[in-house]
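Visitor: One file is attached below, target.txt, containing compact mmCIF, C-alpha atoms and all ligand atoms.
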# COMPACT_ATOMS: atom_id res chain seq x y z
CA MET A 1343 -113.55 -73.88 -10.67
CA ARG A 1344 -113.69 -72.77 -7.05
CA ILE A 1345 -110.46 -72.65 -5.08
CA LEU A 1346 -110.32 -72.55 -1.29
CA LEU A 1347 -107.01 -71.11 -0.20
CA ALA A 1348 -106.22 -72.53 3.24
CA SER A 1349 -104.87 -70.27 5.96
CA PRO A 1350 -102.64 -70.76 7.88
CA ARG A 1351 -100.37 -72.20 5.19
CA GLY A 1352 -96.74 -71.89 4.15
CA PHE A 1353 -93.84 -70.47 6.09
CA CYS A 1354 -93.84 -70.99 9.87
CA ALA A 1355 -91.89 -68.86 12.33
CA GLY A 1356 -88.91 -71.25 12.39
CA VAL A 1357 -88.59 -71.32 8.60
CA ASN A 1358 -88.98 -67.54 8.37
CA MET A 1359 -86.23 -67.08 10.94
CA ALA A 1360 -83.85 -69.56 9.24
CA ILE A 1361 -84.32 -67.95 5.81
CA ASP A 1362 -84.00 -64.40 7.20
CA CYS A 1363 -80.86 -65.58 8.99
CA LEU A 1364 -79.27 -66.87 5.76
CA ASP A 1365 -80.32 -63.74 3.85
CA GLU A 1366 -78.76 -61.59 6.58
CA CYS A 1367 -75.53 -63.66 6.52
CA VAL A 1368 -75.27 -63.26 2.74
CA LYS A 1369 -75.78 -59.51 3.12
CA ARG A 1370 -73.08 -59.24 5.80
CA PHE A 1371 -70.48 -61.77 4.71
CA GLY A 1372 -71.19 -62.29 0.98
CA PRO A 1373 -72.47 -65.55 -0.52
CA ASN A 1374 -69.40 -67.63 0.39
CA ILE A 1375 -71.33 -69.26 3.22
CA TYR A 1376 -71.86 -72.90 4.02
CA VAL A 1377 -75.05 -74.47 5.38
CA TYR A 1378 -75.22 -77.86 7.07
CA HIS A 1379 -77.82 -79.74 4.98
CA GLU A 1380 -80.75 -77.85 3.43
CA ILE A 1381 -81.58 -74.62 5.24
CA VAL A 1382 -85.21 -75.78 5.05
CA HIS A 1383 -86.62 -78.74 3.12
CA ASN A 1384 -87.78 -76.86 0.05
CA ARG A 1385 -86.33 -77.06 -3.42
CA TYR A 1386 -87.29 -73.50 -4.45
CA VAL A 1387 -85.64 -72.01 -1.36
CA VAL A 1388 -82.47 -74.11 -1.65
CA ASP A 1389 -82.17 -73.36 -5.40
CA ARG A 1390 -82.50 -69.62 -4.75
CA PHE A 1391 -79.55 -69.65 -2.34
CA THR A 1392 -77.51 -72.08 -4.45
CA ARG A 1393 -77.83 -69.73 -7.44
CA ILE A 1394 -76.18 -66.89 -5.52
CA GLY A 1395 -73.30 -69.08 -4.33
CA VAL A 1396 -74.33 -70.45 -0.92
CA LYS A 1397 -73.10 -74.04 -0.49
CA PHE A 1398 -75.04 -76.81 1.24
CA VAL A 1399 -72.80 -79.48 2.76
CA ASP A 1400 -73.23 -82.88 4.41
CA HIS A 1401 -70.49 -82.51 7.01
CA PRO A 1402 -68.34 -79.77 8.59
CA ASP A 1403 -65.31 -81.54 7.08
CA ASP A 1404 -66.58 -80.36 3.66
CA VAL A 1405 -66.18 -76.71 4.76
CA PRO A 1406 -62.85 -74.84 4.42
CA VAL A 1407 -61.21 -74.20 7.80
CA GLY A 1408 -62.30 -70.89 9.35
CA SER A 1409 -65.39 -70.42 7.11
CA ILE A 1410 -68.93 -69.58 8.19
CA LEU A 1411 -71.23 -72.57 8.72
CA LEU A 1412 -74.93 -72.14 9.34
CA TYR A 1413 -76.97 -74.84 11.08
CA SER A 1414 -80.36 -75.32 9.42
CA ALA A 1415 -83.82 -75.04 11.01
CA HIS A 1416 -83.86 -78.80 11.73
CA GLY A 1417 -81.05 -78.68 14.28
CA VAL A 1418 -77.83 -80.69 14.56
CA SER A 1419 -76.35 -83.26 16.92
CA PRO A 1420 -73.50 -82.46 19.35
CA GLU A 1421 -71.20 -84.54 17.13
CA ILE A 1422 -71.65 -82.05 14.26
CA ARG A 1423 -71.04 -79.09 16.61
CA LYS A 1424 -67.84 -80.76 17.80
CA ALA A 1425 -66.63 -81.38 14.23
CA ALA A 1426 -67.31 -77.71 13.39
CA ARG A 1427 -65.35 -76.54 16.46
CA GLU A 1428 -62.42 -78.77 15.55
CA ARG A 1429 -62.38 -77.18 12.10
CA LYS A 1430 -62.50 -73.73 13.68
CA LEU A 1431 -65.64 -72.80 11.76
CA GLN A 1432 -67.62 -69.69 12.67
CA THR A 1433 -71.05 -71.23 13.31
CA ILE A 1434 -74.44 -69.54 13.30
CA ASP A 1435 -77.28 -71.60 14.68
CA ALA A 1436 -80.60 -71.20 12.85
CA THR A 1437 -82.20 -74.18 14.60
CA CYS A 1438 -85.91 -73.53 15.22
CA PRO A 1439 -86.45 -72.88 18.96
CA LEU A 1440 -89.21 -75.50 18.94
CA VAL A 1441 -86.69 -78.11 17.79
CA THR A 1442 -84.24 -76.91 20.44
CA LYS A 1443 -87.03 -77.47 22.99
CA VAL A 1444 -87.08 -81.19 22.05
CA HIS A 1445 -83.27 -81.39 22.26
CA LEU A 1446 -83.34 -79.89 25.76
CA GLU A 1447 -86.04 -82.33 26.85
CA ALA A 1448 -83.94 -85.24 25.56
CA ILE A 1449 -80.91 -83.98 27.48
CA LYS A 1450 -82.94 -83.55 30.67
CA TYR A 1451 -84.64 -86.96 30.55
CA ALA A 1452 -81.34 -88.70 29.74
CA ARG A 1453 -79.60 -86.92 32.61
CA ASP A 1454 -82.38 -88.03 34.96
CA GLY A 1455 -81.88 -91.67 33.98
CA TYR A 1456 -84.87 -92.16 31.67
CA ASN A 1457 -84.96 -94.31 28.57
CA ILE A 1458 -86.46 -92.02 25.94
CA ILE A 1459 -88.83 -93.21 23.24
CA LEU A 1460 -88.66 -90.78 20.33
CA ILE A 1461 -91.65 -90.92 17.98
CA GLY A 1462 -90.42 -89.86 14.56
CA HIS A 1463 -89.28 -90.76 11.08
CA GLU A 1464 -85.96 -92.55 10.70
CA GLY A 1465 -83.37 -90.58 8.75
CA HIS A 1466 -85.07 -87.18 9.09
CA ASP A 1467 -82.56 -84.42 9.91
CA GLU A 1468 -84.47 -83.41 13.04
CA VAL A 1469 -84.59 -86.97 14.36
CA ILE A 1470 -80.87 -87.50 13.73
CA GLY A 1471 -80.10 -84.25 15.60
CA THR A 1472 -82.32 -85.12 18.58
CA MET A 1473 -81.03 -88.69 18.85
CA GLY A 1474 -77.49 -87.35 18.80
CA GLU A 1475 -78.12 -85.57 22.11
CA ALA A 1476 -78.34 -88.85 24.01
CA PRO A 1477 -77.72 -91.77 21.64
CA GLU A 1478 -77.49 -94.38 24.41
CA SER A 1479 -80.79 -93.33 25.94
CA ILE A 1480 -83.05 -92.85 22.90
CA THR A 1481 -85.01 -95.47 20.97
CA LEU A 1482 -86.86 -94.43 17.81
CA VAL A 1483 -90.38 -95.69 17.07
CA GLU A 1484 -92.59 -94.84 14.10
CA THR A 1485 -95.67 -97.04 14.54
CA PRO A 1486 -97.74 -98.76 17.25
CA GLU A 1487 -96.19 -102.04 16.09
CA ASP A 1488 -92.74 -100.62 16.91
CA VAL A 1489 -94.00 -99.98 20.46
CA ASP A 1490 -94.89 -103.68 20.78
CA GLN A 1491 -91.27 -104.57 19.96
CA LEU A 1492 -89.70 -102.35 22.64
CA PRO A 1493 -87.45 -104.34 24.99
CA PHE A 1494 -88.38 -102.46 28.17
CA GLY A 1495 -90.31 -104.05 31.03
CA PRO A 1496 -93.53 -102.53 32.44
CA ASP A 1497 -91.68 -100.79 35.32
CA ALA A 1498 -88.91 -99.23 33.23
CA LYS A 1499 -88.22 -95.54 33.73
CA LEU A 1500 -89.49 -94.20 30.40
CA ALA A 1501 -90.36 -90.89 28.75
CA TYR A 1502 -91.52 -90.13 25.22
CA LEU A 1503 -90.78 -87.23 22.90
CA THR A 1504 -91.98 -86.57 19.35
CA GLN A 1505 -90.62 -85.07 16.16
CA THR A 1506 -92.17 -81.61 15.65
CA THR A 1507 -93.72 -82.30 12.25
CA LEU A 1508 -95.67 -85.54 12.72
CA SER A 1509 -99.26 -86.24 11.84
CA VAL A 1510 -101.20 -85.35 15.01
CA GLU A 1511 -103.45 -88.42 14.55
CA GLU A 1512 -100.64 -90.88 13.87
CA ALA A 1513 -98.60 -89.64 16.81
CA ALA A 1514 -101.68 -89.98 19.03
CA THR A 1515 -102.04 -93.62 17.95
CA VAL A 1516 -98.44 -94.39 18.89
CA ILE A 1517 -98.76 -92.50 22.19
CA ARG A 1518 -101.93 -94.45 23.05
CA ARG A 1519 -100.08 -97.71 22.54
CA LEU A 1520 -97.14 -96.46 24.64
CA GLU A 1521 -99.45 -95.44 27.48
CA GLU A 1522 -101.30 -98.77 27.36
CA ARG A 1523 -98.04 -100.70 27.57
CA TYR A 1524 -96.28 -98.31 29.99
CA PRO A 1525 -98.93 -96.51 32.09
CA GLY A 1526 -96.26 -94.60 34.03
CA ILE A 1527 -94.48 -93.20 30.96
CA GLU A 1528 -93.52 -89.53 31.32
CA HIS A 1529 -93.81 -86.80 28.69
CA PRO A 1530 -93.15 -83.06 28.44
CA ALA A 1531 -95.82 -80.72 29.81
CA LYS A 1532 -96.24 -79.08 26.41
CA GLU A 1533 -96.39 -81.35 23.39
CA ASP A 1534 -93.57 -81.40 20.83
CA ILE A 1535 -95.62 -81.37 17.62
CA CYS A 1536 -95.38 -77.67 16.84
CA TYR A 1537 -98.13 -75.09 16.44
CA ALA A 1538 -97.44 -74.70 12.70
CA THR A 1539 -97.73 -78.42 11.99
CA THR A 1540 -100.95 -78.67 14.00
CA ASN A 1541 -102.55 -75.55 12.50
CA ARG A 1542 -101.84 -76.56 8.87
CA GLN A 1543 -103.23 -80.04 9.48
CA ASP A 1544 -106.32 -78.65 11.27
CA ALA A 1545 -107.03 -76.30 8.36
CA ILE A 1546 -107.12 -79.19 5.90
CA LYS A 1547 -109.33 -81.29 8.18
CA ALA A 1548 -111.79 -78.38 8.47
CA LEU A 1549 -111.92 -77.60 4.75
CA ILE A 1550 -111.37 -80.82 2.80
CA GLY A 1551 -115.04 -81.80 2.96
CA GLN A 1552 -115.90 -78.83 0.71
CA VAL A 1553 -113.63 -79.77 -2.21
CA ASP A 1554 -112.86 -82.48 -4.78
CA LEU A 1555 -109.08 -82.19 -4.77
CA LEU A 1556 -106.22 -81.12 -2.50
CA LEU A 1557 -103.04 -79.46 -3.75
CA VAL A 1558 -100.18 -79.13 -1.27
CA LEU A 1559 -97.21 -76.96 -2.23
CA GLY A 1560 -94.02 -78.37 -0.77
CA SER A 1561 -91.08 -80.67 -1.44
CA GLN A 1562 -91.17 -84.45 -1.21
CA ASN A 1563 -88.55 -84.41 1.58
CA SER A 1564 -90.57 -81.98 3.70
CA SER A 1565 -92.06 -84.00 6.54
CA ASN A 1566 -94.85 -81.57 7.43
CA SER A 1567 -95.83 -81.17 3.75
CA ARG A 1568 -96.11 -84.93 3.29
CA ARG A 1569 -98.33 -85.17 6.35
CA LEU A 1570 -100.69 -82.58 4.78
CA GLN A 1571 -100.99 -84.61 1.59
CA GLU A 1572 -101.64 -87.77 3.64
CA ILE A 1573 -104.63 -86.14 5.33
CA GLY A 1574 -106.19 -85.61 1.91
CA VAL A 1575 -105.51 -89.20 0.93
CA THR A 1576 -106.96 -90.62 4.16
CA THR A 1577 -110.21 -88.72 3.57
CA GLY A 1578 -110.47 -90.41 0.17
CA LYS A 1579 -109.78 -87.27 -1.86
CA ALA A 1580 -107.21 -86.95 -4.62
CA ALA A 1581 -104.26 -85.13 -3.08
CA TYR A 1582 -100.98 -84.07 -4.67
CA LEU A 1583 -97.75 -82.72 -3.20
CA ILE A 1584 -95.92 -80.54 -5.72
CA ASP A 1585 -92.99 -78.13 -5.71
CA GLY A 1586 -94.67 -75.78 -8.15
CA LYS A 1587 -96.93 -75.23 -11.15
CA ALA A 1588 -94.64 -77.17 -13.54
CA GLU A 1589 -95.77 -80.40 -11.87
CA LEU A 1590 -99.52 -79.80 -12.38
CA ARG A 1591 -101.16 -82.36 -14.69
CA PRO A 1592 -104.33 -81.51 -16.70
CA GLU A 1593 -105.85 -84.95 -16.00
CA TRP A 1594 -105.97 -84.15 -12.26
CA PHE A 1595 -108.61 -81.52 -12.97
CA GLU A 1596 -111.00 -83.51 -15.17
CA GLY A 1597 -114.45 -83.30 -13.56
CA VAL A 1598 -113.06 -81.27 -10.65
CA ASN A 1599 -115.11 -78.25 -9.56
CA SER A 1600 -113.38 -77.32 -6.32
CA VAL A 1601 -109.77 -77.42 -5.08
CA LEU A 1602 -108.22 -76.82 -1.67
CA VAL A 1603 -104.77 -75.24 -1.95
CA THR A 1604 -102.32 -75.16 0.93
CA ALA A 1605 -98.55 -75.14 1.47
CA GLY A 1606 -96.20 -76.88 3.88
CA ALA A 1607 -94.28 -74.87 6.48
CA SER A 1608 -91.18 -74.64 4.26
CA ALA A 1609 -92.91 -73.68 0.99
CA PRO A 1610 -92.72 -70.01 -0.07
CA GLU A 1611 -95.84 -68.05 -1.01
CA VAL A 1612 -94.48 -67.34 -4.51
CA VAL A 1613 -95.03 -70.99 -5.54
CA VAL A 1614 -98.62 -70.82 -4.25
CA GLU A 1615 -99.21 -67.62 -6.26
CA GLU A 1616 -97.87 -69.24 -9.44
CA VAL A 1617 -100.22 -72.21 -9.06
CA LEU A 1618 -103.22 -69.96 -8.39
CA GLU A 1619 -102.42 -67.85 -11.45
CA HIS A 1620 -102.15 -70.97 -13.58
CA LEU A 1621 -105.53 -72.26 -12.35
CA ARG A 1622 -107.14 -68.85 -12.93
CA GLN A 1623 -105.85 -68.66 -16.48
CA THR A 1624 -106.42 -72.29 -17.44
CA TYR A 1625 -109.73 -73.04 -15.69
CA GLY A 1626 -111.14 -69.57 -14.93
CA ALA A 1627 -110.76 -70.40 -11.23
CA THR A 1628 -111.99 -68.05 -8.51
CA VAL A 1629 -110.04 -67.97 -5.24
CA GLU A 1630 -111.57 -67.66 -1.75
CA ASP A 1631 -109.53 -67.22 1.43
CA ALA A 1632 -110.46 -69.92 3.95
CA ILE A 1633 -109.02 -68.81 7.29
CA THR A 1634 -109.32 -71.32 10.11
CA ARG A 1635 -106.90 -69.63 12.53
CA GLU A 1636 -104.66 -66.59 12.88
CA GLU A 1637 -100.93 -67.09 13.51
CA HIS A 1638 -98.76 -64.42 15.10
CA VAL A 1639 -95.67 -66.42 16.13
CA THR A 1640 -92.24 -64.97 15.33
CA PHE A 1641 -88.73 -65.96 16.40
CA PRO A 1642 -85.73 -63.63 16.69
CA LEU A 1643 -82.58 -64.11 14.60
CA PRO A 1644 -79.90 -66.32 16.24
CA LYS A 1645 -77.95 -64.57 18.98
CA GLU A 1646 -74.67 -64.78 17.02
CA LEU A 1647 -76.21 -62.46 14.41
CA ARG A 1648 -77.91 -60.18 16.94
CA VAL A 1649 -74.55 -59.65 18.66
CA LEU A 1650 -73.03 -58.60 15.34
CA GLN A 1651 -75.97 -56.32 14.61
CA ALA A 1652 -75.71 -54.70 18.03
CA ALA A 1653 -71.97 -54.16 17.48
CA GLY A 1654 -72.75 -52.54 14.12
CA ALA A 1655 -70.56 -55.09 12.37
S1 LIG B 1 -92.39 -76.64 11.38
FE1 LIG B 1 -92.49 -76.11 13.56
S2 LIG B 1 -90.63 -76.97 14.47
FE2 LIG B 1 -90.32 -76.93 12.23
S3 LIG B 1 -89.32 -74.99 11.82
FE3 LIG B 1 -91.51 -74.61 11.64
S4 LIG B 1 -92.17 -73.89 13.68
FE4 LIG B 1 -90.17 -74.86 13.89
Could the structure of this file be written out as structure tokens, please?
Ligand code: SF4
Guide:
Amino acid sequence: MRILLASPRGFCAGVNMAIDCLDECVKRFGPNIYVYHEIVHNRYVVDRFTRIGVKFVDHPDDVPVGSILLYSAHGVSPEIRKAARERKLQTIDATCPLVTKVHLEAIKYARDGYNIILIGHEGHDEVIGTMGEAPESITLVETPEDVDQLPFGPDAKLAYLTQTTLSVEEAATVIRRLEERYPGIEHPAKEDICYATTNRQDAIKALIGQVDLLLVLGSQNSSNSRRLQEIGVTTGKAAYLIDGKAELRPEWFEGVNSVLVTAGASAPEVVVEEVLEHLRQTYGATVEDAITREEHVTFPLPKELRVLQAAGA
């Protein structure tokens, strides 16, 4: 069996920063730390922190007054920040800067009197956080059909934004429909789908033609991981999204000579290594690196932590 190991894959700069941030908080303050929702959408990562005592909560009201509360990489709405302030929590904001960029765009367009069309998935943490910035001004759409249902007239003052982890192709389809219906619609100068999402999708598109099967390491609730699996499915290949080697099924590999392995932006490299080792031992697989692009993006720790570091605290 031949394995192509896609690169770039796995952790992006925002996920790296959020996990480093939580590790640093545990080192400084001990594990009695609270995180608003999952720090990143990955079961392995969340389990690792849960085992050492970090608690993941659904609302600031679930956190004891005065405790430390970390905001996850997906960002939070102003309502959550307000609730945390009222509870006198010490907050540390590990929101990815590329998510913050979308929040700032939403605030700016709303302030300038635009109705904002947000392209994204209902219920996703990032979408909830972005919509919370200007709830009266934002309408969520997921599909071109949703665009057809929008109540705005052709001359309405409109702008669109997107979730950072969408399928590039699907978002383009929705944007095309928006621009057909509203030719004057505004949008940010630099697109919102982030570099990591785009690069991981591009790698699969470039490599999938060489293999029989696609394995994506990542959790089911990870938006960018699901989009990677969907690319495999749309090309007609078998494609599976798994958290780790325990989910591999022998029947997937019957008659399979070549496999593309990748990982979503929140999946750690250790789960990729475990899968590769299993395939080497079980099927005598050989692994080739398939690099479609180099990534050198990094983000600094949140300023609340840098201030403490600078003070030697
Ligand atoms: S996937 Fe993109 S937007 Fe999300 S945390 Fe990573 S770099 Fe940031």
Visitor: Which of these residues is nearest to ligand LIG 1 (chain B), using only C-alpha atoms and all ligand atoms: A:Ile1633, A:Leu1557, A:Ile1535, A:Ile1461?
Guide: A:Ile1535
Visitor: Counting only C-alpha atoms and all ligand atoms, what are the residues, protein, DNA or RNA alike, that approach ligand LIG 1 (chain B) to within 6 Å? I want them as a ChimeraX atom specification.
Guide: /A:1354-1357,1415,1438,1440-1441,1506-1507,1536,1538-1539,1607
Visitor: With C-alpha atoms retained, write the just-selected residues as an mmCIF file, in the frame of the given file.
Guide:
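Below you can see again33.cif, which holds the result:
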data_model
loop_
_atom_site.group_PDB
_atom_site.id
_atom_site.type_symbol
_atom_site.label_atom_id
_atom_site.label_comp_id
_atom_site.auth_asym_id
_atom_site.auth_seq_id
_atom_site.Cartn_x
_atom_site.Cartn_y
_atom_site.Cartn_z
ATOM 1 C CA CYS A 1354 -93.840 -70.990 9.870
ATOM 2 C CA ALA A 1355 -91.890 -68.860 12.330
ATOM 3 C CA GLY A 1356 -88.910 -71.250 12.390
ATOM 4 C CA VAL A 1357 -88.590 -71.320 8.600
ATOM 5 C CA ALA A 1415 -83.820 -75.040 11.010
ATOM 6 C CA CYS A 1438 -85.910 -73.530 15.220
ATOM 7 C CA LEU A 1440 -89.210 -75.500 18.940
ATOM 8 C CA VAL A 1441 -86.690 -78.110 17.790
ATOM 9 C CA THR A 1506 -92.170 -81.610 15.650
ATOM 10 C CA THR A 1507 -93.720 -82.300 12.250
ATOM 11 C CA CYS A 1536 -95.380 -77.670 16.840
ATOM 12 C CA ALA A 1538 -97.440 -74.700 12.700
ATOM 13 C CA THR A 1539 -97.730 -78.420 11.990
ATOM 14 C CA ALA A 1607 -94.280 -74.870 6.480
#
Visitor: Could you work out how far atom CA of Glu1619 of chain A lies from atom CA of Gln1571 of chain A, giving the answer in Å with one decimal?
Guide: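 Interatomic distance, atom CA of Gln1571 of chain A to atom CA of Glu1619 of chain A: 21.3 Å.
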Visitor: May I have the protein, DNA and RNA residues with an atom at most 12 Å from (-117.2, -77.0, -0.5), counting all atoms listed in the file in the file's coordinates, returned as a list in words?
Guide: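 Protein, DNA and RNA residues close to (-117.2, -77.0, -0.5): Met1343, Arg1344, Ile1345, Leu1346, Leu1347, Ala1548, Leu1549, Ile1550, Gly1551, Gln1552, Val1553, Asp1554, Leu1555, Leu1556, Val1598, Asn1599, Ser1600, Val1601, Leu1602, Glu1630 and Ala1632 of chain A.
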Visitor: Would you mind telling me which residue in A:Gly1417, A:Gly1578, A:Pro1642, A:Gly1560 lies nearest to Gly1474 of chain A when using only C-alpha atoms?
Guide: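 Looking at the shortest contact to Gly1474 of chain A, the residue is A:Gly1417.
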Visitor: At what distance in Å, to one decimal, does atom CA of Ala1425 of chain A lie from atom CA of Val1407 of chain A?
Guide: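 Spanning atom CA of Val1407 of chain A to atom CA of Ala1425 of chain A is a straight-line distance of 11.1 Å.
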Visitor: Tell me, in Å to one decimal, how far atom CA of Ala1436 of chain A is from atom CA of Asp1403 of chain A.
Guide: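 Atom-to-atom, atom CA of Ala1436 of chain A to atom CA of Asp1403 of chain A, that is 19.3 Å.
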Visitor: My list of candidates is A:Ala1348, A:Cys1363, A:Leu1482, A:Ala1653. Which is closest to Lys1547 of chain A when distances are computed with all atoms listed in the file?
Guide: A:Ala1348
Visitor: Between A:Glu1646, A:Ile1459, A:Arg1518, A:Glu1533, which is the closest to Asp1435 of chain A once you count only C-alpha atoms?
Guide: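 For Asp1435 of chain A, the nearest of the candidates is A:Glu1646.
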Visitor: So, counting only C-alpha atoms, which residue among A:Ser1509, A:Ser1565, A:Asn1457, A:Asn1374 is closest to Ile1527 of chain A?
Guide: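 Result for the nearest residue to Ile1527 of chain A: A:Asn1457.
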Visitor: Could you tell me which of A:Ala1476, A:Val1489, A:Leu1503, A:Ala1426 comes closest to Glu1522 of chain A if we count all atoms listed in the file?
Guide: A:Val1489
Visitor: For Gly1408 of chain A, please output as a ChimeraX atom specification all residues within 12 Å (counting only C-alpha atoms; exclusion window: fewer than 2 positions along the same chain).
Guide: /A:1374-1376,1402-1406,1410-1411,1426-1433
Visitor: Show which residues sit within 9 Å of Asp1585 of chain A, as an MDAnalysis selection string. Count all atoms listed in the file, and ignore same-chain residues fewer than 5 positions away.
Guide: chainID A and resid 1384:1386 1558:1562 1609 1613
Visitor: Give me the residues within 10 Å of Glu1511 of chain A as a VMD selection string, counting only C-alpha atoms and dropping any in the same chain fewer than 5 places off.
Guide: chain A and resid 1516 to 1517 1543 1573
